[in-house]
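Structure data (compact mmCIF, C-alpha atoms) from entry22.txt:
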# COMPACT_ATOMS: atom_id res chain seq x y z
CA MET A 984 0.00 0.00 0.00
CA SER A 985 1.32 3.45 -0.88
CA GLN A 986 2.06 6.04 1.82
CA LEU A 987 -1.01 7.72 3.31
CA SER A 988 -1.45 11.38 2.46
CA ILE A 989 -3.35 13.73 4.78
CA LEU A 990 -4.25 17.35 4.08
CA ILE A 991 -4.37 19.52 7.22
CA VAL A 992 -6.43 22.69 6.77
CA GLU A 993 -5.75 24.78 9.88
CA ASP A 994 -5.19 28.52 10.10
CA ASP A 995 -2.96 28.22 13.16
CA GLU A 996 0.29 26.84 11.83
CA TRP A 997 1.48 25.75 15.28
CA LEU A 998 -1.63 23.63 15.74
CA GLY A 999 -1.22 22.33 12.19
CA GLU A 1000 2.35 21.31 13.04
CA GLN A 1001 1.09 19.62 16.20
CA TYR A 1002 -1.37 17.53 14.17
CA ALA A 1003 1.43 16.62 11.76
CA ARG A 1004 3.68 15.53 14.66
CA THR A 1005 0.87 13.41 16.11
CA LEU A 1006 0.10 11.79 12.75
CA LYS A 1007 3.73 10.70 12.33
CA VAL A 1008 2.79 7.40 13.97
CA LEU A 1009 0.82 6.58 10.82
CA LYS A 1010 3.99 7.18 8.77
CA CYS A 1011 1.89 9.38 6.51
CA ASN A 1012 2.72 12.33 4.31
CA THR A 1013 1.09 15.55 5.57
CA LEU A 1014 0.18 18.55 3.43
CA MET A 1015 -0.63 21.87 5.09
CA ALA A 1016 -3.04 24.64 4.07
CA ARG A 1017 -3.82 27.72 6.17
CA ASN A 1018 -7.10 28.52 4.44
CA ALA A 1019 -9.70 27.11 2.04
CA LEU A 1020 -8.09 28.69 -1.03
CA GLU A 1021 -4.69 27.19 -0.24
CA ALA A 1022 -6.46 23.87 0.33
CA MET A 1023 -8.09 24.02 -3.12
CA ASP A 1024 -4.72 24.83 -4.70
CA ILE A 1025 -3.24 21.73 -3.08
CA LEU A 1026 -6.25 19.64 -4.09
CA ASN A 1027 -5.70 20.65 -7.71
CA GLU A 1028 -2.33 18.90 -7.55
CA HIS A 1029 -2.84 16.11 -5.00
CA THR A 1030 -5.66 13.87 -3.88
CA PRO A 1031 -5.12 13.16 -0.19
CA ASP A 1032 -6.53 10.10 1.54
CA CYS A 1033 -8.10 12.23 4.24
CA ILE A 1034 -8.63 15.92 5.14
CA LEU A 1035 -8.35 17.33 8.65
CA LEU A 1036 -10.42 20.51 8.55
CA ASP A 1037 -10.86 23.50 10.85
CA ILE A 1038 -14.08 25.50 10.53
CA PHE A 1039 -13.02 29.08 11.32
CA LEU A 1040 -10.65 30.01 8.52
CA ALA A 1041 -9.59 33.32 6.99
CA GLY A 1042 -11.73 34.16 3.95
CA PRO A 1043 -13.99 31.29 2.91
CA ASN A 1044 -14.53 29.15 6.02
CA GLY A 1045 -14.49 25.39 6.45
CA ILE A 1046 -18.18 25.05 5.58
CA VAL A 1047 -17.53 26.76 2.24
CA LEU A 1048 -14.74 24.27 1.58
CA LEU A 1049 -17.09 21.38 2.42
CA HIS A 1050 -19.57 22.65 -0.19
CA GLU A 1051 -16.77 23.10 -2.71
CA LEU A 1052 -15.45 19.58 -2.13
CA ARG A 1053 -18.90 18.06 -2.48
CA SER A 1054 -19.36 19.78 -5.85
CA HIS A 1055 -16.39 17.88 -7.36
CA GLU A 1056 -17.01 14.25 -8.11
CA ASP A 1057 -13.47 13.11 -7.27
CA LEU A 1058 -12.99 15.31 -4.18
CA ALA A 1059 -16.39 14.46 -2.70
CA LYS A 1060 -15.10 10.99 -1.88
CA ILE A 1061 -12.28 12.16 0.39
CA PRO A 1062 -13.11 11.46 4.04
CA ILE A 1063 -13.06 14.56 6.21
CA ILE A 1064 -12.43 15.00 9.90
CA ILE A 1065 -13.52 18.28 11.46
CA CYS A 1066 -11.45 19.69 14.33
CA SER A 1067 -13.09 22.79 15.75
CA THR A 1068 -13.35 24.84 18.93
CA SER A 1069 -17.06 25.07 18.14
CA ALA A 1070 -17.70 21.36 17.70
CA ASP A 1071 -20.41 21.63 20.34
CA THR A 1072 -22.49 23.75 17.97
CA LEU A 1073 -22.23 21.23 15.12
CA THR A 1074 -23.62 17.73 14.72
CA LEU A 1075 -22.07 14.85 12.84
CA ASP A 1076 -25.46 13.96 11.35
CA THR A 1077 -25.70 17.28 9.51
CA LEU A 1078 -22.09 17.04 8.35
CA ARG A 1079 -22.14 13.41 7.16
CA PRO A 1080 -23.61 14.26 3.72
CA TYR A 1081 -20.45 16.34 3.16
CA GLY A 1082 -18.18 13.37 3.71
CA VAL A 1083 -17.41 14.21 7.32
CA ARG A 1084 -16.51 11.04 9.22
CA ALA A 1085 -15.64 12.47 12.62
CA LEU A 1086 -16.16 15.66 14.57
CA LEU A 1087 -13.46 16.46 17.13
CA ASP A 1088 -13.66 19.20 19.72
CA LYS A 1089 -10.30 21.00 19.88
CA THR A 1090 -10.95 21.96 23.48
CA THR A 1091 -11.32 18.39 24.74
CA MET A 1092 -9.68 16.06 22.24
CA GLU A 1093 -6.50 14.07 22.94
CA PRO A 1094 -3.73 13.76 20.33
CA ASP A 1095 -4.61 10.06 19.95
CA ASP A 1096 -8.16 11.01 18.96
CA VAL A 1097 -6.86 12.54 15.72
CA VAL A 1098 -4.87 9.40 14.93
CA ALA A 1099 -7.84 7.16 15.76
CA ALA A 1100 -10.21 9.25 13.63
CA VAL A 1101 -7.88 9.17 10.62
CA ARG A 1102 -7.26 5.46 11.08
CA LYS A 1103 -10.99 4.77 11.20
CA ALA A 1104 -11.65 6.95 8.15
CA VAL A 1105 -9.02 5.56 5.83
CA LEU A 1106 -7.67 2.22 7.01
CA MET B 1115 -33.60 51.90 34.13
CA LYS B 1116 -36.48 51.06 31.76
CA THR B 1117 -37.17 47.38 31.15
CA GLY B 1118 -36.23 47.69 27.47
CA GLU B 1119 -32.86 49.22 28.32
CA GLY B 1120 -32.25 46.51 30.91
CA GLU B 1121 -32.98 43.78 28.39
CA MET B 1122 -30.69 45.39 25.83
CA SER B 1123 -27.89 45.69 28.34
CA LEU B 1124 -28.33 42.06 29.37
CA LYS B 1125 -28.28 40.98 25.72
CA GLY B 1126 -25.13 43.05 25.27
CA ASP B 1127 -23.54 41.39 28.30
CA VAL B 1128 -24.43 37.91 27.03
CA SER B 1129 -23.09 38.75 23.58
CA PHE B 1130 -19.89 40.12 25.14
CA LEU B 1131 -19.43 37.02 27.29
CA HIS B 1132 -20.12 34.78 24.29
CA ALA B 1133 -17.53 36.63 22.20
CA ALA B 1134 -14.97 36.67 25.03
CA SER B 1135 -15.31 32.94 25.67
CA HIS B 1136 -15.08 32.20 21.95
CA GLU B 1137 -11.97 34.37 21.62
CA LEU B 1138 -10.25 32.72 24.57
CA LYS B 1139 -11.10 29.19 23.45
CA ALA B 1140 -8.66 29.18 20.52
CA PRO B 1141 -5.46 30.05 22.44
CA LEU B 1142 -6.44 27.85 25.40
CA ALA B 1143 -7.18 24.89 23.12
CA LEU B 1144 -3.84 25.45 21.38
CA VAL B 1145 -1.94 25.59 24.69
CA ARG B 1146 -3.63 22.35 25.73
CA GLN B 1147 -2.80 20.57 22.46
CA LEU B 1148 0.82 21.74 22.58
CA ALA B 1149 1.16 20.67 26.22
CA LEU B 1150 -0.34 17.25 25.44
CA GLY B 1151 2.07 17.00 22.53
CA LEU B 1152 4.99 17.43 24.93
CA GLU B 1153 4.05 14.12 26.54
CA ASP B 1154 5.45 12.40 23.46
CA GLU B 1155 8.89 11.32 24.63
CA THR B 1156 10.20 10.82 21.12
CA ILE B 1157 10.23 14.56 20.39
CA PRO B 1158 13.82 15.83 20.10
CA ALA B 1159 15.03 18.29 22.75
CA LYS B 1160 15.23 21.23 20.34
CA GLU B 1161 11.67 20.67 19.11
CA ARG B 1162 10.52 20.32 22.72
CA GLU B 1163 12.10 23.70 23.51
CA ARG B 1164 10.33 25.28 20.55
CA ILE B 1165 6.94 23.89 21.65
CA ALA B 1166 7.54 25.16 25.19
CA GLN B 1167 8.23 28.63 23.78
CA GLN B 1168 5.04 28.44 21.71
CA ILE B 1169 3.07 27.59 24.86
CA VAL B 1170 4.50 30.66 26.60
CA LEU B 1171 3.75 32.98 23.68
CA VAL B 1172 0.20 31.71 23.18
CA SER B 1173 -0.47 31.97 26.94
CA GLU B 1174 0.79 35.56 26.90
CA ARG B 1175 -1.57 36.33 24.05
CA ALA B 1176 -4.52 34.91 26.00
CA LEU B 1177 -3.44 36.83 29.08
CA ARG B 1178 -3.32 40.09 27.09
CA LEU B 1179 -6.92 39.49 26.13
CA THR B 1180 -8.05 38.81 29.69
CA THR B 1181 -6.23 41.97 30.84
CA ASP B 1182 -8.01 43.96 28.13
CA ILE B 1183 -11.37 42.59 29.23
CA THR B 1184 -10.64 43.52 32.86
CA LYS B 1185 -9.55 47.01 31.85
CA THR B 1186 -12.75 47.55 29.82
CA ALA B 1187 -14.79 46.74 32.90
CA ARG B 1188 -12.89 49.40 34.86
CA LEU B 1189 -13.04 52.15 32.23
CA GLU B 1190 -16.10 53.77 33.77
CA ASP B 1191 -14.35 54.12 37.10
CA SER B 1192 -11.98 56.65 35.50
CA PHE B 1193 -8.82 54.84 36.46
CA PHE B 1194 -7.16 55.99 33.28
CA GLY B 1195 -6.07 59.62 33.18
CA LEU B 1196 -4.92 61.34 30.00
CA GLU B 1197 -1.48 62.90 29.54
CA PRO B 1198 0.80 63.92 26.68
CA CYS B 1199 2.45 60.78 25.30
CA ASN B 1200 4.99 60.25 22.57
CA PRO B 1201 3.13 57.97 20.10
CA HIS B 1202 6.31 56.98 18.26
CA GLN B 1203 7.82 55.75 21.52
CA ILE B 1204 4.67 53.74 22.29
CA CYS B 1205 4.88 52.20 18.81
CA GLU B 1206 8.49 51.21 19.61
CA GLU B 1207 7.38 49.62 22.90
CA VAL B 1208 4.58 47.65 21.22
CA ALA B 1209 6.90 46.44 18.46
CA HIS B 1210 9.47 45.43 21.07
CA GLU B 1211 6.86 43.53 23.11
CA LEU B 1212 5.51 41.63 20.12
CA THR B 1213 8.83 40.90 18.41
CA PRO B 1214 9.26 37.45 20.09
CA LEU B 1215 5.73 36.40 19.02
CA TYR B 1216 6.26 37.68 15.47
CA ALA B 1217 9.70 36.05 15.26
CA ALA B 1218 8.33 32.72 16.47
CA ARG B 1219 5.72 32.92 13.70
CA GLY B 1220 8.47 33.77 11.20
CA ARG B 1221 7.25 37.33 10.70
CA GLU B 1222 8.52 40.85 11.29
CA ILE B 1223 7.06 43.88 13.06
CA ARG B 1224 8.67 47.30 12.77
CA VAL B 1225 8.05 50.98 13.39
CA GLY B 1226 7.78 53.32 10.42
CA ARG B 1227 9.57 56.61 10.01
CA ARG B 1228 8.33 59.53 12.12
CA GLN B 1229 6.06 61.77 10.07
CA GLY B 1230 5.90 65.04 12.00
CA SER B 1231 3.71 63.55 14.70
CA LEU B 1232 3.06 65.59 17.82
CA LEU B 1233 2.61 64.30 21.31
CA ALA B 1234 -0.80 62.67 21.72
CA VAL B 1235 -3.21 63.31 24.57
CA ALA B 1236 -3.82 59.76 25.63
CA ASN B 1237 -3.50 57.21 28.36
CA ARG B 1238 -0.22 55.41 27.77
CA GLU B 1239 -1.52 52.02 28.87
CA LEU B 1240 -4.77 52.19 26.90
CA LEU B 1241 -3.01 53.40 23.76
CA ARG B 1242 -0.51 50.59 24.10
CA ARG B 1243 -3.37 48.09 24.50
CA VAL B 1244 -5.13 49.37 21.36
CA LEU B 1245 -1.95 49.00 19.32
CA LEU B 1246 -1.16 45.57 20.78
CA ASN B 1247 -4.63 44.52 19.75
CA PHE B 1248 -4.26 45.77 16.17
CA ALA B 1249 -0.75 44.30 15.83
CA ASP B 1250 -1.89 40.94 17.20
CA ASN B 1251 -4.72 40.93 14.67
CA ALA B 1252 -2.34 41.86 11.84
CA LEU B 1253 -0.16 38.86 12.66
CA HIS B 1254 -2.93 36.55 11.50
CA TYR B 1255 -3.74 38.33 8.24
CA ALA B 1256 -0.39 39.63 6.99
CA ASP B 1257 1.60 37.86 4.31
CA ASP B 1258 4.45 35.70 5.61
CA ASP B 1259 7.13 37.75 3.90
CA ALA B 1260 5.79 41.26 4.51
CA PRO B 1261 6.47 43.12 7.76
CA VAL B 1262 3.71 44.70 9.82
CA GLU B 1263 4.38 48.38 10.42
CA LEU B 1264 3.34 50.72 13.22
CA ARG B 1265 3.33 54.42 12.41
CA ALA B 1266 2.29 57.70 14.04
CA GLN B 1267 1.43 60.78 12.02
CA SER B 1268 -0.35 64.08 12.55
CA ARG B 1269 -3.75 64.70 10.93
CA ASN B 1270 -6.16 67.58 10.48
CA HIS B 1271 -3.44 70.24 10.40
CA GLY B 1272 -1.92 68.90 13.58
CA ASP B 1273 -5.15 68.69 15.63
CA ARG B 1274 -5.16 64.92 15.76
CA VAL B 1275 -2.58 62.17 15.88
CA ARG B 1276 -3.20 58.93 14.01
CA ILE B 1277 -1.36 55.83 15.13
CA GLY B 1278 -1.86 52.97 12.71
CA VAL B 1279 -0.90 49.35 12.22
CA ARG B 1280 -0.42 48.52 8.56
CA ASP B 1281 -0.39 44.95 7.33
CA TYR B 1282 0.46 43.74 3.85
CA GLY B 1283 -1.51 40.84 2.48
CA PRO B 1284 -4.31 39.97 0.09
CA MET B 1285 -7.02 42.61 -0.32
CA VAL B 1286 -9.85 42.00 2.15
CA PRO B 1287 -13.00 41.03 0.18
CA ALA B 1288 -15.57 43.85 0.02
CA SER B 1289 -18.26 41.84 1.82
CA ILE B 1290 -16.02 41.07 4.79
CA TRP B 1291 -14.74 44.65 4.84
CA LYS B 1292 -18.29 46.01 4.99
CA GLU B 1293 -19.06 43.77 7.94
CA LEU B 1294 -15.79 44.72 9.61
CA GLU B 1295 -16.42 48.44 9.20
CA SER B 1296 -19.89 48.13 10.64
CA ARG B 1297 -18.52 46.64 13.81
CA LEU B 1298 -15.66 49.01 14.56
CA GLY B 1299 -16.37 49.77 18.18
CA THR B 1300 -19.75 48.08 18.27
CA GLN B 1301 -20.85 45.10 20.34
CA PRO B 1302 -18.83 42.00 19.37
CA GLN B 1303 -20.47 39.12 17.52
CA ILE B 1304 -19.09 35.96 16.03
CA VAL B 1305 -17.70 36.67 12.56
CA HIS B 1306 -17.38 33.32 10.85
CA ALA B 1307 -15.45 34.69 7.90
CA ARG B 1308 -12.53 35.77 10.09
CA PRO B 1309 -10.66 33.18 12.09
CA GLN B 1310 -10.46 33.42 15.85
CA SER B 1311 -12.28 36.68 15.53
CA SER B 1312 -15.53 37.65 17.15
CA GLY B 1313 -14.74 41.31 16.68
CA LEU B 1314 -14.00 41.40 20.40
CA GLY B 1315 -10.53 42.88 19.88
CA LEU B 1316 -11.96 45.72 17.82
CA TYR B 1317 -14.72 46.29 20.33
CA LEU B 1318 -12.21 46.52 23.19
CA ALA B 1319 -9.93 48.80 21.15
CA GLY B 1320 -12.95 51.03 20.40
CA GLN B 1321 -13.81 51.24 24.10
CA PHE B 1322 -10.22 52.15 25.01
CA ALA B 1323 -10.08 54.78 22.25
CA ALA B 1324 -13.37 56.31 23.40
CA ALA B 1325 -12.01 56.56 26.97
CA MET B 1326 -9.22 58.73 25.49
CA ASN B 1327 -11.73 60.83 23.45
CA GLY B 1328 -10.42 59.02 20.41
CA THR B 1329 -11.83 56.87 17.66
CA ILE B 1330 -10.67 53.77 15.83
CA GLY B 1331 -11.00 53.06 12.15
CA ALA B 1332 -9.62 51.05 9.29
CA VAL B 1333 -8.40 51.72 5.76
CA ARG B 1334 -8.58 49.02 3.12
CA HIS B 1335 -5.62 48.91 0.77
CA ARG B 1336 -5.07 47.00 -2.44
CA ASP B 1337 -2.45 45.00 -0.56
CA GLY B 1338 -3.71 44.74 3.02
CA ALA B 1339 -5.21 47.04 5.62
CA THR B 1340 -4.41 49.69 8.21
CA PHE B 1341 -6.18 49.72 11.56
CA TYR B 1342 -5.75 53.01 13.34
CA VAL B 1343 -6.64 55.04 16.40
CA ASP B 1344 -7.07 58.81 16.19
CA VAL B 1345 -6.50 60.83 19.35
CA THR B 1346 -6.16 64.53 20.10
CA ALA B 1347 -2.74 66.08 19.59
CA SER B 1348 -1.25 67.86 22.55
CA MET B 1349 -1.41 71.51 21.50
CA GLN B 1350 -1.30 73.47 24.72
CA MET B 1351 1.48 72.52 27.02
CA SER B 1352 3.06 74.65 29.64
CA LEU B 1353 6.52 74.38 31.07
CA LEU B 1354 6.58 73.21 34.63
Represent the supplied structure as structure tokens.
Amino acid sequence: MSQLSILIVEDDEWLGEQYARTLKVLKCNTLMARNALEAMDILNEHTPDCILLDIFLAGPNGIVLLHELRSHEDLAKIPIIICSTSADTLTLDTLRPYGVRALLDKTTMEPDDVVAAVRKAVL
Amino acid sequence: MKTGEGEMSLKGDVSFLHAASHELKAPLALVRQLALGLEDETIPAKERERIAQQIVLVSERALRLTTDITKTARLEDSFFGLEPCNPHQICEEVAHELTPLYAARGREIRVGRRQGSLLAVANRELLRRVLLNFADNALHYADDDAPVELRAQSRNHGDRVRIGVRDYGPMVPASIWKELESRLGTQPQIVHARPQSSGLGLYLAGQFAAAMNGTIGAVRHRDGATFYVDVTASMQMSLL
């Protein structure tokens, strides 16, 4: 099996780096985008196995990116994991049609939760 | 107080608390994630040191916000007297204070050339807080390779002093700018189009400016934005 590729869309680069450090256990390749536009640029070149997505982003937010992804046949299939400080205001049921497989609350999640969510989504 | 006014004030309080808690969540969540990350014993010592520094810098940012909130609550008690201040010097102090945070994020903050600015009638601490707020905000929106610049200049034939924080980055979309302008100094609300931003920082800066008989504003540029505070220039000073 080829190396896993995970796109991290997170406006705080330190938190993005933290996710990347945590995901090292999966021996995956991580791509980083600080906003939805950067994410789309990356997605024009690469098709990751999974996307870790923040909701509050500069410019178009994470919800806009979800709509954008769903509108492309190939990108709509990529499993998405939402990591947000406002996870308590969202529900997985409403996000599932957008390919969201897990909803993690940044304020309570453990580093292992990210690994477990990715593992469950792609492996 | 009439019932209507009471209800409005309560709604304002709830909205303020909502915005404050939202704004504090992001740095606290980041500190927690970084601290949990330190439990990984395989992280090299140098990386560990870097994460520890990030924890300190993010905590300081959160603490600045809590201090601002406390100060807003005390504004009405007139704890903050006005005096002639050198705005250029305050810009230097703010740049100096934020340099470690900017450097850790791989960015630069600097003070622009003096442009005939006079002393400003302001409260040193409040003016510093307003500029810290603007500069902290600029850190998130400026391009990686462009410095953020603080600058003081006289306006209105020397009647006013404008101290601004200029960032260089992509032009802010008109729709977001309109929303931003409408909330300069107004009650904070969650703005989903801007990360980590409920408009609370601008609201606090507006309150601090008003306590100095000043106003805040913003100018949209083709390549970024300037957030500024206008205060009265010190025109009538006597020798002691």
Using only C-alpha atoms, which residues of chain A come within 12 Å of chain B, and what is the closest atom pair for each, with the distance in Å to one decimal? Give it as CSV, sorted by chain and residue number.
residue,atom,partner,partner_atom,distance
A:Glu993,CA,B:Pro1309,CA,10.0
A:Asp994,CA,B:Pro1309,CA,7.5
A:Asp995,CA,B:His1254,CA,8.5
A:Glu996,CA,B:Arg1219,CA,8.4
A:Trp997,CA,B:Gln1168,CA,7.8
A:Leu998,CA,B:Leu1144,CA,6.3
A:Gly999,CA,B:Leu1144,CA,10.1
A:Glu1000,CA,B:Leu1148,CA,9.7
A:Gln1001,CA,B:Leu1148,CA,6.7
A:Tyr1002,CA,B:Gln1147,CA,8.9
A:Ala1003,CA,B:Gly1151,CA,10.8
A:Arg1004,CA,B:Gly1151,CA,8.2
A:Thr1005,CA,B:Gly1151,CA,7.5
A:Leu1006,CA,B:Gly1151,CA,11.3
A:Lys1007,CA,B:Thr1156,CA,10.9
A:Val1008,CA,B:Thr1156,CA,10.9
A:Arg1017,CA,B:His1254,CA,10.4
A:Asn1018,CA,B:Pro1309,CA,9.6
A:Ala1019,CA,B:Ala1307,CA,11.2
A:Leu1020,CA,B:Pro1284,CA,11.9
A:Asp1037,CA,B:Pro1309,CA,9.8
A:Ile1038,CA,B:His1306,CA,8.5
A:Phe1039,CA,B:Pro1309,CA,4.8
A:Leu1040,CA,B:Pro1309,CA,4.8
A:Ala1041,CA,B:Arg1308,CA,4.9
A:Gly1042,CA,B:Ala1307,CA,5.5
A:Pro1043,CA,B:Ala1307,CA,6.2
A:Asn1044,CA,B:Ala1307,CA,5.9
A:Gly1045,CA,B:Ala1307,CA,9.5
A:Ile1046,CA,B:His1306,CA,9.8
A:Val1047,CA,B:Ala1307,CA,10.0
A:Cys1066,CA,B:Ala1143,CA,11.1
A:Ser1067,CA,B:Ala1140,CA,9.1
A:Thr1068,CA,B:Ala1140,CA,6.6
A:Ser1069,CA,B:His1136,CA,8.3
A:Ala1070,CA,B:Lys1139,CA,11.7
A:Asp1071,CA,B:His1136,CA,11.9
A:Thr1072,CA,B:His1136,CA,11.9
A:Asp1088,CA,B:Ala1143,CA,9.3
A:Lys1089,CA,B:Ala1143,CA,5.9
A:Thr1090,CA,B:Ala1143,CA,4.8
A:Thr1091,CA,B:Ala1143,CA,7.9
A:Met1092,CA,B:Gln1147,CA,8.2
A:Glu1093,CA,B:Leu1150,CA,7.4
A:Pro1094,CA,B:Gly1151,CA,7.0
A:Asp1095,CA,B:Gly1151,CA,10.0
A:Asp1096,CA,B:Gln1147,CA,11.5
A:Val1097,CA,B:Gln1147,CA,11.2
Check your understanding: In Å, with one decimal, what is the gap from atom CA of Arg1276 of chain B to atom CA of Leu1138 of chain B?
Key ->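 Separation of atom CA of Arg1276 of chain B and atom CA of Leu1138 of chain B: 29.1 Å.
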Review point. In Å, with one decimal, what is the gap from atom CA of Gly1220 of chain B to atom CA of Glu1161 of chain B?
Key: 15.6 Å
Review point. Distance atom CA of Gly1278 of chain B-atom CA of Phe1193 of chain B, one decimal place?
Key: 24.8 Å
Expected axis-aligned box over every listed atom of segment 1047-1052 of chain A, 6 Å added per side, centre plus edges in Å to one decimal, as JSON:
{"center_x": -17.2, "center_y": 23.2, "center_z": -0.1, "size_x": 16.8, "size_y": 19.2, "size_z": 17.1}
With a distance cut-off of 7 Å and all atoms listed in the file, select the neighbouring residues of segment 990-992 of chain A, excluding the residue or stretch itself and same-chain residues fewer than 3 positions from it, and output the selection as a tab-separated table (two decimals) with C-alpha atoms, in the coordinates of the input.
chain	number	residue	atom	x	y	z
A	999	GLY	CA	-1.22	22.33	12.19
A	1013	THR	CA	1.09	15.55	5.57
A	1014	LEU	CA	0.18	18.55	3.43
A	1015	MET	CA	-0.63	21.87	5.09
A	1016	ALA	CA	-3.04	24.64	4.07
A	1017	ARG	CA	-3.82	27.72	6.17
A	1018	ASN	CA	-7.10	28.52	4.44
A	1022	ALA	CA	-6.46	23.87	0.33
A	1031	PRO	CA	-5.12	13.16	-0.19
A	1033	CYS	CA	-8.10	12.23	4.24
A	1034	ILE	CA	-8.63	15.92	5.14
A	1035	LEU	CA	-8.35	17.33	8.65
A	1036	LEU	CA	-10.42	20.51	8.55
A	1037	ASP	CA	-10.86	23.50	10.85
